[in-house]
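Chemist: Just so it is clear, I am handing over upload.cif, which has mmCIF, C-alpha atoms.
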```
data_upload
loop_
_atom_site.label_atom_id
_atom_site.label_comp_id
_atom_site.auth_asym_id
_atom_site.auth_seq_id
_atom_site.Cartn_x
_atom_site.Cartn_y
_atom_site.Cartn_z
CA THR A 1 -2.04 -51.06 -5.84
CA THR A 2 -0.43 -53.78 -7.95
CA THR A 3 1.60 -55.06 -4.98
CA MET A 4 -1.53 -55.28 -2.83
CA HIS A 5 -3.32 -57.53 -5.34
CA ASN A 6 -0.27 -59.81 -5.72
CA ASN A 7 -0.03 -60.33 -1.97
CA ASN A 8 -3.71 -61.34 -1.77
CA ASN A 9 -3.28 -63.87 -4.55
CA ASN A 10 -0.22 -65.38 -2.88
CA ASN A 11 -2.10 -65.73 0.41
CA ASN A 12 -5.02 -67.48 -1.30
CA ASN A 13 -2.70 -69.92 -3.07
CA ASN A 14 -0.85 -70.81 0.12
CA SER A 15 -4.04 -71.54 2.06
CA GLY A 16 -5.05 -74.46 -0.25
CA SER A 17 -6.43 -75.29 -3.62
CA SER A 18 -10.03 -75.65 -2.43
CA SER A 19 -11.93 -72.39 -2.35
CA SER A 20 -14.54 -73.92 0.03
CA SER A 21 -11.97 -74.41 2.83
CA THR A 22 -11.10 -70.72 2.92
CA THR A 23 -13.37 -68.20 4.58
CA GLN A 24 -13.62 -65.08 2.48
CA PRO A 25 -13.63 -61.77 4.34
CA PRO A 26 -16.72 -59.61 4.07
CA SER A 27 -16.92 -57.57 0.93
CA SER A 28 -16.52 -54.39 2.96
CA GLU A 29 -13.09 -55.56 4.02
CA GLN A 30 -11.92 -56.27 0.52
CA PRO A 31 -8.96 -54.03 -0.42
CA GLN A 32 -10.24 -51.43 -2.84
CA GLN A 33 -8.30 -49.76 -5.56
CA GLN A 34 -7.30 -46.22 -4.65
CA PRO A 35 -8.59 -43.62 -7.09
CA THR A 36 -5.91 -41.86 -9.07
CA LYS A 37 -5.19 -38.49 -7.51
CA LYS A 38 -5.44 -35.56 -9.89
CA GLN A 39 -2.54 -33.20 -9.80
CA LYS A 40 -3.61 -29.94 -8.20
CA PRO A 41 -2.64 -26.62 -9.77
CA ASN A 42 0.62 -25.26 -8.42
CA PHE A 43 0.24 -21.75 -7.03
CA GLY A 44 3.76 -21.60 -5.63
CA LEU A 45 6.18 -18.80 -6.33
CA SER A 46 7.77 -18.72 -9.74
CA GLY A 47 11.52 -18.33 -9.99
CA ALA A 48 11.26 -14.57 -10.49
CA LEU A 49 8.92 -14.09 -7.53
CA ALA A 50 11.02 -16.27 -5.29
CA GLN A 51 14.04 -14.22 -6.22
CA ASP A 52 12.03 -11.08 -5.54
CA GLU A 53 11.13 -12.34 -2.06
CA HIS A 54 14.74 -12.95 -1.09
CA GLN A 55 16.76 -10.49 -3.13
CA GLY A 56 14.68 -7.47 -4.06
CA ASN A 57 11.98 -6.09 -6.30
CA MET A 58 11.88 -7.94 -9.62
CA TYR A 59 10.05 -6.48 -12.62
CA LYS A 60 10.01 -8.07 -16.07
CA GLY A 61 12.91 -10.25 -14.97
CA VAL A 62 15.05 -7.26 -13.93
CA LEU A 63 16.07 -6.57 -10.34
CA LEU A 64 15.00 -2.99 -9.63
CA LYS A 65 17.14 -0.69 -7.50
CA PHE A 66 14.19 0.63 -5.54
CA ARG A 67 10.97 -0.48 -3.91
CA GLU A 68 7.93 1.76 -3.66
CA PRO A 69 7.10 2.89 -0.09
CA PRO A 70 3.79 2.05 1.61
CA GLU A 71 2.59 5.64 1.13
CA ALA A 72 2.98 5.48 -2.66
CA ARG A 73 -0.09 6.66 -4.58
CA ALA A 74 -0.94 7.86 -8.07
CA PRO A 75 -1.38 11.65 -7.97
CA ASN A 76 -4.65 13.53 -8.44
CA VAL A 77 -2.78 16.47 -10.04
CA GLN A 78 -2.00 16.26 -13.74
CA TRP A 79 1.78 16.66 -13.50
CA ARG A 80 3.93 16.98 -16.59
CA PHE A 81 7.58 17.23 -17.53
CA TYR A 82 8.27 19.89 -20.16
CA VAL A 83 11.56 18.97 -21.76
CA PHE A 84 13.92 21.71 -22.96
CA ARG A 85 17.48 21.70 -24.19
CA SER A 86 19.81 23.57 -21.87
CA LYS A 87 21.66 26.63 -23.20
CA ASN A 88 24.58 25.78 -20.92
CA THR A 89 26.94 23.51 -22.87
CA ASN A 90 29.31 23.07 -19.91
CA ASN A 91 26.95 20.83 -18.00
CA GLY A 92 28.54 17.65 -16.71
CA ALA A 93 28.56 15.20 -13.87
CA THR A 94 30.41 17.61 -11.60
CA ASN A 95 28.56 20.77 -12.59
CA ASN A 96 26.53 22.31 -9.77
CA THR A 97 25.50 25.61 -11.32
CA THR A 98 21.88 26.42 -12.01
CA THR A 99 20.90 26.43 -15.66
CA THR A 100 17.80 28.06 -17.09
CA SER A 101 15.96 27.26 -20.28
CA ASN A 102 14.84 29.98 -22.63
CA ASP A 103 11.16 30.53 -21.83
CA ASN A 104 10.50 31.54 -25.44
CA ASP A 105 11.58 28.16 -26.77
CA GLU A 106 9.07 25.45 -27.46
CA PRO A 107 9.66 22.27 -25.41
CA LEU A 108 11.23 19.34 -27.19
CA GLU A 109 8.51 17.12 -25.78
CA THR A 110 5.91 16.96 -23.03
CA LEU A 111 5.78 13.93 -20.74
CA HIS A 112 2.55 13.15 -18.90
CA ILE A 113 3.55 11.72 -15.54
CA SER A 114 0.40 11.30 -13.47
CA LYS A 115 -1.00 7.90 -14.42
CA GLN A 116 1.03 5.81 -11.98
CA SER A 117 2.66 6.14 -8.57
CA ALA A 118 6.28 5.91 -9.76
CA TYR A 119 8.30 6.50 -12.93
CA LEU A 120 11.69 4.88 -13.35
CA ILE A 121 14.13 7.08 -15.27
CA GLY A 122 17.10 5.56 -17.08
CA ARG A 123 18.57 3.83 -20.11
CA HIS A 124 17.20 0.34 -19.46
CA GLU A 125 14.75 -0.23 -22.32
CA VAL A 126 12.89 -3.01 -20.53
CA VAL A 127 12.02 -1.33 -17.23
CA ALA A 128 12.49 2.43 -17.71
CA ASP A 129 9.24 4.42 -17.79
CA ILE A 130 11.09 7.54 -18.95
CA LEU A 131 13.73 6.31 -21.35
CA LEU A 132 16.86 8.47 -21.66
CA ARG A 133 19.47 7.53 -24.25
CA HIS A 134 22.38 9.81 -23.35
CA PRO A 135 25.53 7.71 -22.68
CA SER A 136 26.07 9.38 -19.29
CA ILE A 137 22.73 8.06 -18.02
CA SER A 138 22.73 4.92 -15.87
CA SER A 139 20.42 2.01 -16.72
CA GLN A 140 18.35 2.77 -13.60
CA HIS A 141 19.28 6.38 -12.96
CA ALA A 142 16.54 7.89 -10.77
CA VAL A 143 12.91 7.44 -9.81
CA LEU A 144 10.06 9.94 -9.68
CA GLN A 145 7.93 8.78 -6.76
CA TYR A 146 4.55 10.10 -5.62
CA ARG A 147 3.95 9.85 -1.87
CA VAL A 148 1.01 10.72 0.37
CA VAL A 149 2.27 13.00 3.16
CA ASN A 150 0.74 15.16 5.87
CA VAL A 151 0.11 18.79 4.97
CA VAL A 152 2.47 21.12 6.83
CA GLY A 153 2.71 24.89 7.13
CA ALA A 154 0.06 27.54 7.66
CA ALA A 155 -2.82 25.37 6.45
CA ALA A 156 -1.96 22.63 8.95
CA ALA A 157 -1.48 25.12 11.80
CA ALA A 158 -4.91 26.67 11.21
CA ALA A 159 -6.72 23.33 11.39
CA PRO A 160 -8.61 22.45 14.62
CA ALA A 161 -6.68 20.41 17.15
CA ASN A 162 -9.14 17.51 16.99
CA GLN A 163 -9.06 17.33 13.21
CA LEU A 164 -7.04 14.62 11.54
CA PRO A 165 -4.07 15.96 9.57
CA ARG A 166 -4.75 16.62 5.91
CA LYS A 167 -2.84 14.57 3.40
CA GLN A 168 -1.59 15.38 -0.07
CA CYS A 169 0.10 13.37 -2.77
CA GLN A 170 3.41 15.04 -3.58
CA PRO A 171 6.14 14.28 -6.15
CA TYR A 172 9.62 13.27 -5.03
CA ILE A 173 12.84 12.47 -6.87
CA MET A 174 15.42 9.94 -5.74
CA ASP A 175 18.78 9.24 -7.39
CA LEU A 176 19.44 5.50 -7.61
CA GLU A 177 23.20 5.69 -7.02
CA SER A 178 23.76 6.71 -10.62
CA THR A 179 27.29 7.18 -11.91
CA ASN A 180 26.90 10.76 -13.10
CA GLY A 181 24.28 12.07 -10.74
CA THR A 182 20.87 13.75 -10.71
CA PHE A 183 20.62 17.54 -10.49
CA LEU A 184 17.77 19.48 -8.90
CA ASN A 185 17.82 23.15 -9.88
CA GLY A 186 21.48 22.79 -10.79
CA ILE A 187 22.61 21.10 -7.56
CA ARG A 188 23.57 17.45 -7.47
CA ILE A 189 21.40 15.57 -4.97
CA ASP A 190 22.49 12.76 -2.67
CA SER A 191 21.68 9.21 -3.74
CA ALA A 192 19.09 6.98 -2.05
CA ARG A 193 17.22 9.94 -0.55
CA TYR A 194 13.86 11.46 -1.42
CA TYR A 195 13.74 15.15 -2.39
CA GLN A 196 10.33 16.77 -2.59
CA LEU A 197 9.65 18.54 -5.85
CA LYS A 198 7.70 21.75 -6.37
CA ARG A 199 6.06 23.28 -9.38
CA GLY A 200 8.73 24.84 -11.61
CA ASP A 201 11.63 22.68 -10.38
CA VAL A 202 14.19 21.73 -13.03
CA LEU A 203 15.78 18.27 -13.17
CA LYS A 204 18.83 17.19 -15.16
CA PHE A 205 20.36 13.74 -15.39
CA GLY A 206 24.03 12.94 -15.90
CA ALA A 207 25.74 15.04 -18.54
CA SER A 208 22.65 15.29 -20.73
CA THR A 209 21.76 18.83 -21.83
CA ARG A 210 18.05 18.16 -21.50
CA GLU A 211 16.14 19.88 -18.71
CA TYR A 212 12.93 18.44 -17.27
CA VAL A 213 10.72 21.21 -15.92
CA LEU A 214 7.97 20.02 -13.58
CA LEU A 215 4.66 21.79 -14.19
CA SER A 216 1.01 20.93 -13.75
CA GLU A 217 -1.69 20.76 -16.39
CA HIS A 218 -2.82 24.40 -16.37
CA THR A 219 0.61 25.96 -15.85
CA THR A 220 2.13 27.22 -19.08
CA SER A 221 5.15 29.18 -17.77
CA LEU A 222 7.33 29.62 -14.73
#
```
So that I can check it, write out the structure of this file as structure tokens.
Modeler:
Amino acid sequence: TTTMHNNNNNNNNNSGSSSSSTTQPPSSEQPQQQPTKKQKPNFGLSGALAQDEHQGNMYKGVLLKFREPPEARAPNVQWRFYVFRSKNTNNGATNNTTTTSNDNDEPLETLHISKQSAYLIGRHEVVADILLRHPSISSQHAVLQYRVVNVVGAAAAAAPANQLPRKQCQPYIMDLESTNGTFLNGIRIDSARYYQLKRGDVLKFGASTREYVLLSEHTTSL
């Protein structure tokens, strides 16, 4: 804007000293000062979100080792983990024998796991929903994921042919390529693969002696 005014002044000076000899342009043609543009709010991606878009799923500044599937939902069943200490002291990363908790023992703790669609299990204090402190546990060890799936079996076979398939929200476990493995009923599961869980299943992580028994709200024993 400053340059524009200077050029007009120079042109007026060069045309002569008498103002009467110069025809002034109509006022509508006078150069007008441009209003100062207000800076608009920036809704662009932040650094973390941009990194998420190109590299993976970022949460609280940490790159997660999994992304929830489209069929992820919070469950309508009140699932819980009842945590016991295993009586088998030989458990380790290579152990594939089934261990059983003493049903007469009180659980060490009860974890309510039905308020969200996924629970990250591991040692990472920032992102883990179920924090495990045993040294054999990886920072992001496994994920408990709820997924909506079609009902199969006798109930599905008995439904009319023109009826849409029934759906249920079921719990699944997936090992996130942990160093010392995840064990379902004593058997080490493959990494990066969903395994459907059933009521009464027992999970163990790494070389920890703790057992996580999956039960619902009104189930008190296996």
Chemist: For the PyMOL selection byres ((chain A and resi 135) around 10), applied here, can you spell out every residue it catches as a short mmCIF file (atom, residue, chain, number, x, y, z; two decimals) with C-alpha atoms, in the frame of the given file?
Modeler:
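Printed below is expr_36.cif as written:
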```cif
data_model
loop_
_atom_site.label_atom_id
_atom_site.label_comp_id
_atom_site.auth_asym_id
_atom_site.auth_seq_id
_atom_site.Cartn_x
_atom_site.Cartn_y
_atom_site.Cartn_z
CA ARG A 123 18.57 3.83 -20.11
CA LEU A 132 16.86 8.47 -21.66
CA ARG A 133 19.47 7.53 -24.25
CA HIS A 134 22.38 9.81 -23.35
CA SER A 136 26.07 9.38 -19.29
CA ILE A 137 22.73 8.06 -18.02
CA SER A 138 22.73 4.92 -15.87
CA SER A 139 20.42 2.01 -16.72
CA GLY A 206 24.03 12.94 -15.90
CA ALA A 207 25.74 15.04 -18.54
CA SER A 208 22.65 15.29 -20.73
#
```
Chemist: Ranking A:Asn185, A:Ser86, A:Asn180, A:Gln145 by minimum distance to Pro107 in chain A and counting only C-alpha atoms, which one comes first?
Modeler: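 Between A:Asn185, A:Ser86, A:Asn180, A:Gln145, the residue approaching Pro107 in chain A most closely is A:Ser86.
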Chemist: To verify the selection step, state as a list in words which residues the PyMOL selection byres ((chain A and resi 204) around 9) yields on this input.
Modeler: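 Selected by the PyMOL selection byres ((chain A and resi 204) around 9) in this file: Gly181, Thr182, Phe183, Leu184, Asn185, Gly186, Val202, Leu203, Phe205, Gly206, Ala207, Ser208, Thr209, Arg210, Glu211 and Tyr212 of chain A.
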Chemist: Enter the distance from CA of Gln116 in chain A to CA of Arg80 in chain A, in Å, rounded to one decimal.
Modeler: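 Interatomic distance, CA of Gln116 in chain A to CA of Arg80 in chain A: 12.4 Å.
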Chemist: Go through A:Phe81, A:Pro165, A:Glu177, A:Glu217 and flag the residue nearest Ile130 in chain A, using all atoms listed in the file for the distances.
Modeler: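 Counting all atoms listed in the file, the residue closest to Ile130 in chain A is A:Phe81.
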Chemist: Between CA of Ser114 in chain A and CA of Leu197 in chain A, what is the spacing in Å?
Modeler: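 Interatomic distance, CA of Leu197 in chain A to CA of Ser114 in chain A: 14.0 Å.
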Chemist: Going by the chain IDs and residue numbers used in this file, which residues fall under the PyMOL selection byres ((chain A and resi 169) around 6)? Write them as an mmCIF file with C-alpha atoms, in the coordinates of the input.
Modeler:
```
data_model
loop_
_atom_site.group_PDB
_atom_site.id
_atom_site.type_symbol
_atom_site.label_atom_id
_atom_site.label_comp_id
_atom_site.auth_asym_id
_atom_site.auth_seq_id
_atom_site.Cartn_x
_atom_site.Cartn_y
_atom_site.Cartn_z
ATOM 1 C CA PRO A 75 -1.380 11.650 -7.970
ATOM 2 C CA ARG A 147 3.950 9.850 -1.870
ATOM 3 C CA VAL A 148 1.010 10.720 0.370
ATOM 4 C CA GLN A 168 -1.590 15.380 -0.070
ATOM 5 C CA GLN A 170 3.410 15.040 -3.580
#
```
Chemist: Just to confirm, what's the straight-line distance from CA of Tyr146 in chain A to CA of Lys60 in chain A in Å (one decimal)?
Modeler: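 Going from CA of Tyr146 in chain A over to CA of Lys60 in chain A covers 21.7 Å.
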Chemist: From the options A:Val152, A:Ile187, A:Ala192, A:Ile113, which residue's atoms come nearest to Arg67 in chain A, counting all atoms listed in the file?
Modeler: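 Smallest distance to Arg67 in chain A is found for A:Ala192.
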Chemist: So, with all atoms listed in the file as the atoms that count, which of A:Ala74, A:Leu176, A:Trp79, A:Leu108 lies closest to His218 in chain A?
Modeler: A:Trp79
Chemist: I need every residue sitting at most 7 Å from the point (11.4, -3.6, -2.7) (coordinates as in the file, all atoms listed in the file considered), written as a list in words.
Modeler: Gly56, Asn57, Phe66, Arg67 and Glu68 of chain A
Chemist: In terms of the shortest atom-to-atom distance over only C-alpha atoms, which of A:Val77, A:Ile189, A:Val83, A:Ala72 is closest to Ala142 in chain A?
Modeler: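 The answer is A:Ile189, which sits nearest to Ala142 in chain A.
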Chemist: Between A:His124, A:Lys65, A:Arg73, A:Lys87, which one has atoms that come closest to Val149 in chain A, using all atoms listed in the file?
Modeler: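 Result for the nearest residue to Val149 in chain A: A:Arg73.
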Chemist: Kindly complete range 179-190 of chain A to all heavy atoms; the output should be written as an mmCIF file, in the coordinates of the input.
Modeler:
```
data_model
loop_
_atom_site.group_PDB
_atom_site.id
_atom_site.type_symbol
_atom_site.label_atom_id
_atom_site.label_comp_id
_atom_site.auth_asym_id
_atom_site.auth_seq_id
_atom_site.Cartn_x
_atom_site.Cartn_y
_atom_site.Cartn_z
ATOM 1 N N THR A 179 25.868 6.845 -11.770
ATOM 2 C CA THR A 179 27.290 7.180 -11.910
ATOM 3 C C THR A 179 27.504 8.675 -12.025
ATOM 4 O O THR A 179 28.406 9.236 -11.385
ATOM 5 C CB THR A 179 27.874 6.474 -13.146
ATOM 6 O OG1 THR A 179 27.686 5.055 -13.013
ATOM 7 C CG2 THR A 179 29.356 6.782 -13.292
ATOM 8 N N ASN A 180 26.679 9.346 -12.802
ATOM 9 C CA ASN A 180 26.900 10.760 -13.100
ATOM 10 C C ASN A 180 25.897 11.709 -12.460
ATOM 11 O O ASN A 180 25.910 12.901 -12.759
ATOM 12 C CB ASN A 180 26.922 10.961 -14.626
ATOM 13 C CG ASN A 180 28.091 10.228 -15.268
ATOM 14 O OD1 ASN A 180 29.222 10.346 -14.825
ATOM 15 N ND2 ASN A 180 27.806 9.435 -16.294
ATOM 16 N N GLY A 181 25.065 11.213 -11.601
ATOM 17 C CA GLY A 181 24.280 12.070 -10.740
ATOM 18 C C GLY A 181 22.983 12.606 -11.326
ATOM 19 O O GLY A 181 22.740 12.604 -12.534
ATOM 20 N N THR A 182 22.131 13.069 -10.393
ATOM 21 C CA THR A 182 20.870 13.750 -10.710
ATOM 22 C C THR A 182 20.946 15.145 -10.123
ATOM 23 O O THR A 182 21.413 15.331 -8.991
ATOM 24 C CB THR A 182 19.685 12.987 -10.105
ATOM 25 O OG1 THR A 182 19.633 11.671 -10.675
ATOM 26 C CG2 THR A 182 18.375 13.696 -10.380
ATOM 27 N N PHE A 183 20.490 16.133 -10.885
ATOM 28 C CA PHE A 183 20.620 17.540 -10.490
ATOM 29 C C PHE A 183 19.242 18.163 -10.343
ATOM 30 O O PHE A 183 18.407 18.083 -11.245
ATOM 31 C CB PHE A 183 21.442 18.305 -11.530
ATOM 32 C CG PHE A 183 22.836 17.756 -11.700
ATOM 33 C CD1 PHE A 183 23.074 16.690 -12.565
ATOM 34 C CD2 PHE A 183 23.896 18.296 -10.990
ATOM 35 C CE1 PHE A 183 24.356 16.178 -12.715
ATOM 36 C CE2 PHE A 183 25.180 17.785 -11.132
ATOM 37 C CZ PHE A 183 25.409 16.720 -11.993
ATOM 38 N N LEU A 184 19.009 18.773 -9.181
ATOM 39 C CA LEU A 184 17.770 19.480 -8.900
ATOM 40 C C LEU A 184 18.077 20.963 -8.818
ATOM 41 O O LEU A 184 18.812 21.414 -7.945
ATOM 42 C CB LEU A 184 17.166 18.982 -7.576
ATOM 43 C CG LEU A 184 15.937 19.732 -7.047
ATOM 44 C CD1 LEU A 184 14.808 19.734 -8.073
ATOM 45 C CD2 LEU A 184 15.477 19.130 -5.730
ATOM 46 N N ASN A 185 17.543 21.717 -9.774
ATOM 47 C CA ASN A 185 17.820 23.150 -9.880
ATOM 48 C C ASN A 185 19.320 23.440 -9.885
ATOM 49 O O ASN A 185 19.805 24.386 -9.266
ATOM 50 C CB ASN A 185 17.128 23.910 -8.740
ATOM 51 C CG ASN A 185 15.613 23.773 -8.798
ATOM 52 O OD1 ASN A 185 15.027 23.701 -9.878
ATOM 53 N ND2 ASN A 185 14.977 23.708 -7.640
ATOM 54 N N GLY A 186 20.052 22.583 -10.605
ATOM 55 C CA GLY A 186 21.480 22.790 -10.790
ATOM 56 C C GLY A 186 22.366 22.202 -9.711
ATOM 57 O O GLY A 186 23.593 22.250 -9.836
ATOM 58 N N ILE A 187 21.809 21.646 -8.661
ATOM 59 C CA ILE A 187 22.610 21.100 -7.560
ATOM 60 C C ILE A 187 22.463 19.587 -7.535
ATOM 61 O O ILE A 187 21.346 19.055 -7.563
ATOM 62 C CB ILE A 187 22.153 21.700 -6.206
ATOM 63 C CG1 ILE A 187 22.333 23.206 -6.224
ATOM 64 C CG2 ILE A 187 22.926 21.082 -5.048
ATOM 65 C CD1 ILE A 187 21.814 23.898 -4.981
ATOM 66 N N ARG A 188 23.596 18.916 -7.493
ATOM 67 C CA ARG A 188 23.570 17.450 -7.470
ATOM 68 C C ARG A 188 23.007 16.973 -6.133
ATOM 69 O O ARG A 188 23.446 17.412 -5.058
ATOM 70 C CB ARG A 188 24.962 16.878 -7.695
ATOM 71 C CG ARG A 188 24.986 15.341 -7.741
ATOM 72 C CD ARG A 188 26.307 14.817 -8.253
ATOM 73 N NE ARG A 188 26.307 13.365 -8.304
ATOM 74 C CZ ARG A 188 27.218 12.623 -8.944
ATOM 75 N NH1 ARG A 188 28.222 13.224 -9.578
ATOM 76 N NH2 ARG A 188 27.143 11.315 -8.943
ATOM 77 N N ILE A 189 22.032 16.072 -6.183
ATOM 78 C CA ILE A 189 21.400 15.570 -4.970
ATOM 79 C C ILE A 189 22.109 14.297 -4.497
ATOM 80 O O ILE A 189 22.790 13.615 -5.273
ATOM 81 C CB ILE A 189 19.902 15.302 -5.181
ATOM 82 C CG1 ILE A 189 19.699 14.206 -6.229
ATOM 83 C CG2 ILE A 189 19.171 16.574 -5.580
ATOM 84 C CD1 ILE A 189 18.248 13.784 -6.423
ATOM 85 N N ASP A 190 21.937 13.994 -3.226
ATOM 86 C CA ASP A 190 22.490 12.760 -2.670
ATOM 87 C C ASP A 190 21.686 11.565 -3.187
ATOM 88 O O ASP A 190 20.486 11.662 -3.466
ATOM 89 C CB ASP A 190 22.433 12.777 -1.140
ATOM 90 C CG ASP A 190 23.324 13.857 -0.544
ATOM 91 O OD1 ASP A 190 24.338 14.214 -1.182
ATOM 92 O OD2 ASP A 190 23.002 14.349 0.554
#
```
